$ cat my_file25.cif   # mmCIF, C-alpha atoms
data_coords
loop_
_atom_site.label_atom_id
_atom_site.label_comp_id
_atom_site.auth_asym_id
_atom_site.auth_seq_id
_atom_site.Cartn_x
_atom_site.Cartn_y
_atom_site.Cartn_z
CA MET P 11 146.74 -107.43 112.97
CA ASN P 12 145.08 -105.20 110.41
CA LYS P 13 146.48 -102.20 112.26
CA ILE P 14 150.11 -103.20 112.30
CA TRP P 15 150.50 -104.85 108.91
CA TRP P 16 151.97 -101.70 107.37
CA LYS P 17 154.50 -101.35 110.17
CA ILE P 18 155.68 -104.92 109.54
CA LEU P 19 155.72 -104.25 105.80
CA GLY P 20 157.77 -101.07 106.29
CA SER P 21 160.32 -102.77 108.55
CA VAL P 22 160.66 -105.78 106.27
CA LEU P 23 161.12 -103.57 103.22
CA VAL P 24 163.75 -101.39 104.90
CA ILE P 25 165.69 -104.42 106.18
CA TYR P 26 165.43 -106.00 102.72
CA THR P 27 166.69 -102.89 100.97
CA ALA P 28 169.56 -102.47 103.44
CA ILE P 29 170.75 -106.02 102.71
CA ALA P 30 169.86 -106.26 99.03
CA GLY P 31 171.01 -102.71 98.37
CA LEU P 32 174.52 -103.60 99.55
CA LEU P 33 174.71 -107.12 98.11
CA LEU P 34 172.78 -107.28 94.83
CA GLY P 35 174.48 -106.47 91.57
CA VAL P 36 174.51 -102.95 90.15
CA PRO P 37 175.45 -101.65 86.70
CA ARG P 38 179.11 -100.65 86.36
CA LEU P 39 179.33 -96.98 85.46
CA PRO P 40 182.36 -94.72 85.35
CA ILE P 41 182.87 -92.32 88.29
CA LEU P 42 179.77 -93.62 90.07
CA ASN P 43 181.08 -97.18 90.49
CA GLU P 44 179.68 -98.73 93.66
CA SER P 45 178.45 -95.37 94.97
CA ILE P 46 175.39 -95.84 92.77
CA ARG P 47 174.01 -97.86 95.69
CA ASN P 48 173.45 -94.56 97.47
CA LEU P 49 170.33 -94.25 95.32
CA TYR P 50 168.61 -96.73 97.65
CA PHE P 51 169.41 -94.70 100.73
CA HIS P 52 169.45 -91.08 99.58
CA VAL P 53 166.44 -90.66 97.31
CA PRO P 54 163.89 -92.41 99.58
CA MET P 55 164.74 -89.85 102.30
CA TRP P 56 163.40 -87.06 100.09
CA PHE P 57 160.29 -89.03 99.19
CA ALA P 58 159.60 -89.65 102.90
CA MET P 59 160.20 -85.96 103.64
CA ILE P 60 157.82 -84.78 100.92
CA VAL P 61 155.12 -87.19 102.11
CA LEU P 62 155.50 -86.03 105.72
CA PHE P 63 155.42 -82.34 104.79
CA SER P 64 152.33 -82.94 102.65
CA ILE P 65 150.67 -84.60 105.65
CA SER P 66 151.61 -81.54 107.67
CA VAL P 67 150.02 -79.14 105.17
CA PHE P 68 146.91 -81.30 105.05
CA TYR P 69 146.48 -81.10 108.81
CA SER P 70 147.32 -77.39 108.84
CA ILE P 71 144.47 -76.75 106.41
CA LYS P 72 142.25 -78.98 108.50
CA SER P 73 143.19 -77.26 111.76
CA LEU P 74 142.25 -73.86 110.32
CA SER P 75 138.67 -74.99 109.92
CA THR P 76 138.28 -77.45 112.83
CA LYS P 77 140.49 -75.56 115.33
CA SER P 78 141.17 -78.88 117.04
CA GLU P 79 144.34 -79.31 119.06
CA ALA P 80 144.97 -82.81 117.69
CA ASP P 81 145.21 -81.53 114.13
CA ASP P 82 147.72 -78.90 115.20
CA ILE P 83 149.89 -81.50 116.95
CA LYS P 84 149.68 -83.72 113.87
CA ALA P 85 150.87 -80.85 111.69
CA VAL P 86 153.86 -80.02 113.88
CA GLU P 87 154.90 -83.60 114.55
CA SER P 88 154.90 -84.51 110.87
CA VAL P 89 157.15 -81.50 110.29
CA ASN P 90 159.43 -82.71 113.08
CA ALA P 91 159.63 -86.18 111.52
CA GLY P 92 160.02 -84.71 108.03
CA ILE P 93 162.94 -82.52 109.08
CA ILE P 94 164.81 -85.60 110.32
CA PHE P 95 164.45 -87.15 106.87
CA GLY P 96 165.44 -83.88 105.21
CA LEU P 97 168.64 -83.73 107.26
CA LEU P 98 169.36 -87.40 106.52
CA GLY P 99 168.83 -86.67 102.83
CA LEU P 100 171.32 -83.80 102.99
CA VAL P 101 173.90 -85.92 104.85
CA THR P 102 173.62 -88.95 102.55
CA GLY P 103 173.84 -86.63 99.57
CA ALA P 104 176.90 -84.83 100.96
CA VAL P 105 178.74 -88.07 101.70
CA TRP P 106 178.00 -89.32 98.17
CA ALA P 107 179.14 -85.99 96.73
CA LYS P 108 182.46 -86.29 98.60
CA TYR P 109 183.32 -89.44 96.63
CA THR P 110 181.92 -88.46 93.24
CA TRP P 111 182.18 -84.66 93.06
CA GLY P 112 185.21 -84.33 95.34
CA GLN P 113 183.78 -82.38 98.25
CA PHE P 114 180.96 -82.62 100.73
CA TRP P 115 179.38 -79.30 99.86
CA SER P 116 180.08 -77.81 96.45
CA PHE P 117 177.24 -75.26 96.44
CA ASP P 118 175.42 -77.18 93.77
CA PRO P 119 171.93 -75.71 93.16
CA LYS P 120 170.26 -78.92 94.29
CA GLN P 121 172.16 -78.93 97.55
CA ASN P 122 171.46 -75.26 98.19
CA PHE P 123 167.76 -75.46 97.44
CA ALA P 124 167.35 -78.59 99.56
CA ALA P 125 169.11 -76.83 102.44
CA ILE P 126 166.91 -73.74 102.04
CA SER P 127 163.73 -75.80 102.08
CA VAL P 128 164.87 -77.42 105.32
CA LEU P 129 165.52 -73.89 106.66
CA LEU P 130 161.93 -73.04 105.77
CA TYR P 131 160.68 -75.66 108.18
CA PHE P 132 163.12 -74.61 110.89
CA ALA P 133 161.60 -71.13 110.53
CA TYR P 134 158.19 -72.74 110.99
CA LEU P 135 159.32 -74.36 114.25
CA ILE P 136 160.85 -71.08 115.49
CA LEU P 137 157.61 -69.27 114.68
CA ARG P 138 155.82 -71.80 116.87
CA ASN P 139 158.22 -71.17 119.74
CA ALA P 140 157.70 -67.42 119.47
CA ILE P 141 153.98 -67.60 120.29
CA ASP P 142 152.83 -68.61 123.75
CA GLU P 143 149.08 -68.74 123.40
CA GLU P 144 148.14 -72.18 122.07
CA GLN P 145 145.21 -71.39 119.80
CA LYS P 146 146.93 -68.39 118.31
CA ARG P 147 150.04 -70.49 117.77
CA ALA P 148 148.05 -73.19 116.00
CA LYS P 149 146.40 -70.66 113.70
CA ILE P 150 149.40 -68.54 112.77
CA SER P 151 151.78 -71.44 112.28
CA ALA P 152 149.20 -73.26 110.15
CA ILE P 153 148.94 -70.17 107.94
CA TYR P 154 152.71 -69.94 107.57
CA ASN P 155 152.94 -73.65 106.81
CA ILE P 156 150.36 -73.44 104.02
CA PHE P 157 151.96 -70.25 102.68
CA ALA P 158 155.43 -71.81 102.60
CA PHE P 159 154.50 -75.13 101.02
CA PRO P 160 154.14 -73.89 97.40
CA MET P 161 157.51 -72.17 97.80
CA MET P 162 159.10 -75.44 98.89
CA VAL P 163 157.65 -77.13 95.81
CA VAL P 164 159.15 -74.38 93.64
CA LEU P 165 162.50 -74.72 95.42
CA LEU P 166 162.77 -78.48 95.17
CA PHE P 167 161.14 -79.29 91.83
CA VAL P 168 161.12 -76.24 89.57
CA LEU P 169 164.19 -74.11 90.23
CA PRO P 170 166.83 -76.88 89.96
CA ARG P 171 165.60 -77.53 86.41
CA LEU P 172 166.37 -73.93 85.41
CA LYS P 173 169.96 -74.07 86.63
CA ASP P 174 172.97 -76.16 85.72
CA SER P 175 173.61 -78.78 88.30
CA LEU P 176 175.93 -81.72 88.67
CA HIS P 177 173.16 -83.70 90.31
CA PRO P 178 172.05 -86.78 88.36
CA GLY P 179 169.00 -85.94 86.30
CA ASN P 180 169.97 -82.25 85.95
CA GLY P 181 171.86 -80.18 83.44
CA GLY P 182 172.41 -82.96 80.91
CA ASN P 183 173.71 -85.46 83.46
CA PRO P 184 172.02 -88.82 83.08
CA GLY P 185 169.40 -89.40 85.75
CA PHE P 186 169.04 -92.74 87.41
CA ASN P 187 165.73 -93.07 85.69
CA SER P 188 166.93 -92.80 82.11
CA TYR P 189 169.06 -95.73 81.06
CA ASP P 190 171.10 -96.91 83.97
CA LEU P 191 168.29 -97.78 86.32
CA ASP P 192 168.07 -101.34 85.10
CA SER P 193 165.63 -103.92 86.35
CA ARG P 194 167.99 -105.08 89.10
CA MET P 195 168.03 -101.64 90.65
CA ARG P 196 164.28 -101.21 90.34
CA MET P 197 163.85 -104.35 92.43
CA VAL P 198 165.48 -102.54 95.34
CA PHE P 199 164.70 -98.88 94.65
CA TYR P 200 160.90 -98.99 94.63
CA PRO P 201 160.63 -101.15 97.78
CA ALA P 202 163.13 -98.77 99.44
CA CYS P 203 160.93 -95.74 98.71
CA LEU P 204 157.80 -97.43 99.98
CA GLY P 205 159.60 -98.81 103.02
CA TRP P 206 161.08 -95.49 104.12
CA ILE P 207 157.79 -93.65 103.58
CA LEU P 208 156.07 -96.19 105.84
CA ILE P 209 158.82 -95.89 108.46
CA GLY P 210 158.56 -92.11 108.32
CA TYR P 211 154.81 -92.29 108.80
CA TRP P 212 155.35 -94.65 111.71
CA VAL P 213 157.82 -92.24 113.36
CA TYR P 214 155.25 -89.48 112.95
CA THR P 215 152.41 -91.50 114.54
CA ILE P 216 154.63 -92.37 117.52
CA ARG P 217 155.63 -88.73 117.98
CA PHE P 218 151.99 -87.66 117.73
CA ARG P 219 150.91 -90.15 120.38
CA LEU P 220 153.73 -89.09 122.70
CA ARG P 221 152.81 -85.42 122.39
CA SER P 222 149.13 -86.14 122.94
CA ILE P 223 149.91 -88.05 126.16
CA GLU P 224 152.21 -85.25 127.35
CA ASN P 225 149.51 -82.67 126.72
CA LYS P 226 146.95 -84.77 128.57
CA GLN P 227 149.25 -85.09 131.58
CA GLN P 228 149.86 -81.36 131.67
CA ASN P 229 146.18 -80.60 131.54
CA ASN P 230 145.35 -82.87 134.47
CA MET W 12 132.27 -53.55 93.32
CA GLN W 13 132.16 -53.08 97.06
CA LEU W 14 135.65 -54.58 97.20
CA ALA W 15 137.06 -52.23 94.55
CA LYS W 16 135.61 -49.24 96.39
CA GLU W 17 137.09 -50.35 99.71
CA VAL W 18 140.48 -51.06 98.14
CA LYS W 19 140.53 -47.64 96.49
CA TYR W 20 139.62 -45.92 99.71
CA LEU W 21 142.20 -47.84 101.77
CA ILE W 22 144.99 -47.16 99.29
CA HIS W 23 144.05 -43.49 99.42
CA LYS W 24 144.30 -43.66 103.22
CA GLU W 25 147.73 -45.32 103.14
CA VAL W 26 149.12 -42.83 100.65
CA LEU W 27 147.67 -39.91 102.58
CA LEU W 28 149.17 -41.14 105.86
CA GLU W 29 152.53 -41.62 104.19
CA TRP W 30 152.31 -38.23 102.50
CA ARG W 31 151.70 -36.49 105.80
CA SER W 32 154.65 -37.94 107.65
CA LYS W 33 156.86 -39.05 104.73
CA TYR W 34 158.60 -41.24 107.28
CA THR W 35 158.78 -44.61 105.52
CA ILE W 36 159.74 -43.37 102.09
CA ASN W 37 162.39 -40.98 103.32
CA GLY W 38 163.68 -43.41 105.92
CA VAL W 39 164.07 -46.29 103.49
CA LEU W 40 165.46 -43.99 100.81
CA LEU W 41 168.16 -42.75 103.14
CA TYR W 42 168.78 -46.36 104.15
CA VAL W 43 169.28 -47.41 100.52
CA VAL W 44 171.46 -44.47 99.62
CA SER W 45 173.71 -44.87 102.63
CA THR W 46 173.97 -48.63 102.07
CA ILE W 47 174.96 -48.09 98.44
CA PHE W 48 177.49 -45.55 99.54
CA THR W 49 178.91 -47.87 102.20
CA CYS W 50 179.16 -50.66 99.64
CA TYR W 51 180.89 -48.34 97.23
CA LEU W 52 183.46 -47.38 99.84
CA SER W 53 184.00 -51.00 100.91
CA PHE W 54 184.24 -52.59 97.45
CA VAL W 55 185.97 -49.87 95.42
CA SER W 56 188.42 -52.32 93.89
CA LEU W 57 185.69 -54.73 92.79
CA SER W 58 185.41 -54.47 89.02
CA ASP W 59 183.24 -57.48 88.27
CA LYS W 60 179.87 -56.36 86.92
CA LEU W 61 178.07 -59.50 88.04
CA ALA W 62 179.19 -58.97 91.63
CA TRP W 63 177.75 -55.44 91.49
CA ASN W 64 174.51 -56.90 90.16
CA ALA W 65 174.27 -59.35 93.05
CA LEU W 66 175.10 -56.55 95.48
CA PHE W 67 172.30 -54.40 94.07
CA TRP W 68 169.75 -57.12 94.73
CA VAL W 69 171.00 -57.79 98.23
CA ILE W 70 170.65 -54.07 99.02
CA MET W 71 167.15 -54.08 97.50
CA LEU W 72 166.24 -57.14 99.56
CA PHE W 73 167.13 -55.52 102.87
CA ALA W 74 165.61 -52.18 101.92
CA SER W 75 162.32 -53.82 100.98
CA ILE W 76 162.24 -55.91 104.16
CA ASN W 77 162.59 -52.67 106.10
CA GLY W 78 160.12 -50.77 103.98
CA VAL W 79 157.38 -53.35 103.58
CA SER W 80 157.51 -54.77 107.11
CA LYS W 81 156.27 -51.39 108.32
CA SER W 82 152.88 -51.98 106.72
CA PHE W 83 151.54 -54.25 109.44
CA LEU W 84 154.14 -54.03 112.18
CA GLN W 85 153.72 -50.27 112.53
CA GLU W 86 149.98 -50.38 113.10
CA THR W 87 148.67 -50.45 116.64
CA LYS W 88 146.08 -52.97 117.79
CA GLY W 89 143.47 -50.22 117.76
CA GLN W 90 144.16 -49.27 114.16
CA GLN W 91 143.95 -52.91 113.10
CA LEU W 92 140.64 -53.34 114.90
CA TYR W 93 139.33 -50.21 113.23
CA SER W 94 140.11 -51.39 109.73
CA TYR W 95 138.84 -54.86 110.68
CA ILE W 96 135.43 -53.40 111.43
CA LEU W 97 135.32 -51.14 108.38
CA ALA W 98 136.67 -53.25 105.53
CA SER W 99 136.77 -56.84 104.34
CA PRO W 100 140.04 -58.74 104.92
CA SER W 101 140.72 -59.11 101.19
CA ALA W 102 140.37 -55.36 100.74
CA VAL W 103 142.88 -54.73 103.53
CA LEU W 104 145.39 -57.19 102.07
CA ILE W 105 145.00 -55.98 98.48
CA SER W 106 145.29 -52.34 99.45
CA LYS W 107 148.41 -52.95 101.54
CA THR W 108 149.98 -54.98 98.75
CA VAL W 109 149.22 -52.38 96.10
CA TYR W 110 150.48 -49.60 98.33
CA ASN W 111 153.69 -51.53 99.00
CA ILE W 112 154.15 -52.16 95.29
CA LEU W 113 153.85 -48.40 94.64
CA LEU W 114 156.28 -47.65 97.46
CA MET W 115 158.80 -50.21 96.25
CA LEU W 116 158.53 -49.02 92.64
CA VAL W 117 159.40 -45.46 93.63
CA LEU W 118 162.16 -46.68 95.89
CA THR W 119 163.79 -49.15 93.49
CA THR W 120 163.63 -46.71 90.59
CA ILE W 121 165.46 -44.06 92.60
CA ALA W 122 167.89 -46.68 93.91
CA LEU W 123 168.64 -47.94 90.39
CA GLY W 124 169.23 -44.39 89.22
CA PHE W 125 171.56 -43.69 92.11
CA TYR W 126 173.32 -47.01 91.60
CA THR W 127 174.05 -46.37 87.93
CA LEU W 128 175.14 -42.85 88.86
CA VAL W 129 177.63 -43.97 91.51
CA PHE W 130 178.96 -46.98 89.63
CA ASP W 131 179.21 -45.76 86.07
CA THR W 132 180.99 -49.00 85.15
CA PHE W 133 177.89 -50.90 86.19
CA THR W 134 175.34 -49.42 83.75
CA PRO W 135 173.80 -52.48 82.06
CA PRO W 136 173.73 -52.43 78.26
CA ASP W 137 170.08 -53.48 78.21
CA LEU W 138 168.71 -50.95 80.66
CA LEU W 139 165.09 -51.62 79.71
CA LEU W 140 165.34 -55.32 80.55
CA TYR W 141 167.09 -54.42 83.78
CA TYR W 142 164.24 -52.08 84.63
CA VAL W 143 161.74 -54.86 83.88
CA ALA W 144 163.64 -57.01 86.39
CA VAL W 145 163.48 -54.16 88.91
CA VAL W 146 159.73 -53.73 88.43
CA ILE W 147 159.03 -57.46 88.76
CA GLY W 148 161.34 -57.50 91.75
CA SER W 149 159.40 -54.72 93.49
CA ILE W 150 156.13 -56.55 92.86
CA SER W 151 157.46 -59.89 94.12
CA PHE W 152 159.06 -58.43 97.23
CA SER W 153 155.84 -56.58 98.05
CA THR W 154 153.51 -59.56 97.62
CA VAL W 155 155.67 -61.89 99.69
CA PHE W 156 156.68 -59.46 102.43
CA THR W 157 153.20 -58.03 102.93
CA MET W 158 151.84 -61.44 103.88
CA VAL W 159 154.89 -62.36 105.98
CA SER W 160 154.74 -59.05 107.83
CA ALA W 161 151.09 -59.74 108.60
CA ILE W 162 152.08 -63.12 110.04
CA ALA W 163 154.97 -61.60 112.02
CA SER W 164 152.82 -58.79 113.40
CA LYS W 165 150.14 -61.24 114.54
CA ALA W 166 152.82 -63.34 116.20
CA GLY W 167 153.65 -60.17 118.14
CA ASN W 168 157.39 -60.46 117.75
CA GLY W 169 158.48 -57.88 115.20
CA GLY W 170 161.79 -57.55 113.41
CA MET W 171 163.70 -60.77 113.91
CA LEU W 172 160.76 -63.03 113.16
CA MET W 173 160.12 -61.07 109.98
CA ALA W 174 163.64 -61.79 108.71
CA ILE W 175 163.62 -65.48 109.68
CA LEU W 176 160.23 -66.13 108.12
CA SER W 177 160.77 -64.23 104.91
CA PHE W 178 164.29 -65.28 103.89
CA PRO W 179 163.59 -68.91 102.99
CA ILE W 180 160.49 -67.84 101.07
CA ILE W 181 162.15 -65.01 99.16
CA ILE W 182 165.34 -66.86 98.18
CA PRO W 183 163.83 -68.64 95.15
CA VAL W 184 162.45 -65.31 93.92
CA LEU W 185 165.77 -63.59 94.54
CA ILE W 186 167.69 -66.23 92.60
CA LEU W 187 165.37 -65.84 89.62
CA LEU W 188 165.67 -62.06 89.80
CA ILE W 189 169.46 -62.13 89.89
CA LYS W 190 169.46 -64.48 86.90
CA LEU W 191 167.11 -62.18 84.97
CA ALA W 192 169.15 -59.10 85.85
CA LYS W 193 172.32 -60.95 84.88
CA ASN W 194 170.84 -61.50 81.42
CA ALA W 195 170.36 -57.74 81.15
CA VAL W 196 173.90 -57.04 82.32
CA ASP W 197 175.26 -59.52 79.78
CA GLY W 198 173.11 -57.91 77.09
CA LEU W 199 171.45 -61.16 76.00
CA PRO W 200 168.43 -61.00 73.66
CA TRP W 201 165.03 -60.92 75.36
CA GLU W 202 164.09 -64.46 74.26
CA ASN W 203 166.58 -65.83 76.77
CA SER W 204 164.75 -64.20 79.65
CA TYR W 205 161.16 -65.29 78.98
CA ASP W 206 161.63 -68.38 81.17
CA GLU W 207 162.57 -66.33 84.22
CA ILE W 208 159.91 -63.66 83.64
CA GLY W 209 157.21 -66.30 83.25
CA MET W 210 158.42 -68.18 86.32
CA LEU W 211 158.43 -65.01 88.44
CA LEU W 212 154.91 -64.14 87.33
CA VAL W 213 153.75 -67.65 88.23
CA VAL W 214 155.35 -67.37 91.67
CA ASN W 215 153.63 -64.01 92.18
CA VAL W 216 150.21 -65.30 91.18
CA LEU W 217 150.74 -68.26 93.50
CA THR W 218 151.74 -66.00 96.39
CA VAL W 219 148.83 -63.61 95.91
CA ALA W 220 146.34 -66.48 95.62
CA THR W 221 147.51 -68.23 98.79
CA SER W 222 147.68 -64.89 100.64
CA LEU W 223 144.11 -64.03 99.68
CA LEU W 224 142.93 -67.45 100.81
CA LEU W 225 144.79 -67.39 104.11
CA PHE W 226 144.59 -63.76 105.17
CA PRO W 227 140.96 -63.82 106.37
CA TYR W 228 141.91 -66.52 108.91
CA LEU W 229 144.88 -64.50 110.07
CA TRP W 230 143.03 -61.20 110.29
CA ARG W 231 140.31 -62.47 112.62
CA ASP W 232 141.65 -62.69 116.17
#

$ encode --input "my_file25.cif" --output "structure tokens"
Amino acid sequence: MNKIWWKILGSVLVIYTAIAGLLLGVPRLPILNESIRNLYFHVPMWFAMIVLFSISVFYSIKSLSTKSEADDIKAVESVNAGIIFGLLGLVTGAVWAKYTWGQFWSFDPKQNFAAISVLLYFAYLILRNAIDEEQKRAKISAIYNIFAFPMMVVLLFVLPRLKDSLHPGNGGNPGFNSYDLDSRMRMVFYPACLGWILIGYWVYTIRFRLRSIENKQQNN
Amino acid sequence: MQLAKEVKYLIHKEVLLEWRSKYTINGVLLYVVSTIFTCYLSFVSLSDKLAWNALFWVIMLFASINGVSKSFLQETKGQQLYSYILASPSAVLISKTVYNILLMLVLTTIALGFYTLVFDTFTPPDLLLYYVAVVIGSISFSTVFTMVSAIASKAGNGGMLMAILSFPIIIPVLILLIKLAKNAVDGLPWENSYDEIGMLLVVNVLTVATSLLLFPYLWRD
């Protein structure tokens, strides 16, 4: 029981936010209207992605010193899970942008930088495919992962603040945090973030276990 | 002190090797000049200064990928082993980075001169600020590409890997550089550019610090 409590918590929170996010009241704002509910589904994707990529960097650093195969698999599988959330974040953002900004992709700085940071991790996966020898692959890809992580932080958190963007929270546009995130929305938003992070972590543990079993079978 | 001595010696070696063959510098120079010329012929009707600015940085980007990637990709396994035995990893990385910075400075300065010569409409009003952008650009390209070319050469899969790995990392730097250079083209006062200059310096310090931490792991096979 004490091993699966967080999985139950994550599932309950995500189910709760899916229902409450669509049914509970939201503030009426011009242009945004009901699309403000996207906050519950779009923003948690990025939080889950950042958490998963941080896990990946942690295990990359660890695998450089321990040289254990398990740490390497953990690093790559958390990137695999994180990329799914990154793509979901891009898609939910694009759909929202279609109804508020007028088109799916308007080359807004936030969209571009998010897309580039996802590209960074695709490059990581391609680098892994390019190397055949396992220990060498673990080492070199870990180095690239650690090298790229600060750049992703710059891309996602620093650069958008220097440029004008239509994205809420940028360029003088009101962020959800400032005045329109009222207590009703907080009741759904914070559980949604926690829930999706837990689900993302769960996806990653399942992928890790699958890969470990596959590797064991191949070695026998 | 040992480190400084090794770095000095290794830079001397790099410059000497380059001076004997003059392959990289001449090759990349010809590459830049012919690219600028091709662009000129293809975009004659383009009169927008900002588009020319963006074009300049794209040309610089590809030239520096070609120039800097040579530093590790060109070396044979034997040469790498030799410098592995003789010098500390940090000395190797620092010397390569400094050498690449020197190479890129020469290259970008000549390219900027040629660019302003060919496109006389382009000449930015604040040439000094533009040159600052070019200098910072050479340094940033060198620090990032030196490390990425080391990764690509260890992965044993030269050119294509180099491009894939370096583009996502260099894009934030490139965007900042284009913004800074745009300020110079628009002739804005220097105060408006301190944000970008500071940000670029921070990114460079970050890159050099992570490279120095990670390179010893990469260097040991």

$ closest_residue --input "my_file25.cif" --among "W:Ser222, W:Thr87, W:Ser204, W:Ser106" --to "chain P" --atoms "all atoms listed in the file"
W:Ser222

$ interface_residues --input "my_file25.cif" --of "chain P" --to "chain W" --cutoff "12 Å" --atoms "only C-alpha atoms" --output "ChimeraX atom specification"
/P:70-71,73-75,77,119,122-173

$ atom_distance --input "my_file25.cif" --atom1 "atom CA of Trp68 of chain W" --atom2 "atom CA of Leu104 of chain W"
25.4 Å

$ atom_distance --input "my_file25.cif" --atom1 "atom CA of Ser66 of chain P" --atom2 "atom CA of Leu223 of chain W"
20.7 Å

$ closest_residue --input "my_file25.cif" --among "W:Leu114, W:Leu123, W:Leu138, W:Leu211" --to "Tyr34 of chain W" --atoms "all atoms listed in the file"
W:Leu114

$ closest_residue --input "my_file25.cif" --among "P:Phe57, P:Lys84, P:Ala202, P:Asn225" --to "Val22 of chain P" --atoms "only C-alpha atoms"
P:Ala202

$ decode --input "my_file25.cif" --residues "segment 102-141 of chain W" --atoms "C-alpha atoms" --output "short mmCIF file (atom, residue, chain, number, x, y, z; two decimals), in the first residue's frame"
data_model
loop_
_atom_site.label_atom_id
_atom_site.label_comp_id
_atom_site.auth_asym_id
_atom_site.auth_seq_id
_atom_site.Cartn_x
_atom_site.Cartn_y
_atom_site.Cartn_z
CA ALA W 102 44.32 22.35 -20.94
CA VAL W 103 43.26 20.63 -24.16
CA LEU W 104 39.75 22.10 -24.01
CA ILE W 105 40.89 25.60 -23.07
CA SER W 106 43.55 25.69 -25.76
CA LYS W 107 41.14 24.48 -28.44
CA THR W 108 38.53 27.02 -27.36
CA VAL W 109 41.00 29.90 -27.32
CA TYR W 110 42.40 28.87 -30.68
CA ASN W 111 38.89 28.69 -32.13
CA ILE W 112 38.06 32.11 -30.71
CA LEU W 113 41.16 33.55 -32.42
CA LEU W 114 40.26 31.81 -35.68
CA MET W 115 36.67 33.02 -35.56
CA LEU W 116 37.71 36.58 -34.70
CA VAL W 117 39.94 36.78 -37.76
CA LEU W 118 37.29 35.17 -39.90
CA THR W 119 34.31 37.26 -38.75
CA THR W 120 36.26 40.49 -38.96
CA ILE W 121 37.20 39.80 -42.56
CA ALA W 122 33.66 38.64 -43.30
CA LEU W 123 32.16 41.81 -41.79
CA GLY W 124 34.53 43.93 -43.83
CA PHE W 125 33.65 42.09 -47.01
CA TYR W 126 29.96 42.25 -46.18
CA THR W 127 29.94 46.01 -45.69
CA LEU W 128 32.01 46.33 -48.87
CA VAL W 129 29.61 44.31 -51.01
CA PHE W 130 26.40 45.68 -49.53
CA ASP W 131 27.15 49.35 -49.08
CA THR W 132 23.50 49.91 -48.15
CA PHE W 133 23.98 47.60 -45.19
CA THR W 134 26.71 49.50 -43.28
CA PRO W 135 25.27 49.87 -39.76
CA PRO W 136 25.30 53.39 -38.31
CA ASP W 137 26.78 52.14 -35.05
CA LEU W 138 29.65 50.10 -36.44
CA LEU W 139 31.39 49.79 -33.08
CA LEU W 140 28.37 48.17 -31.43
CA TYR W 141 28.01 45.89 -34.43
#
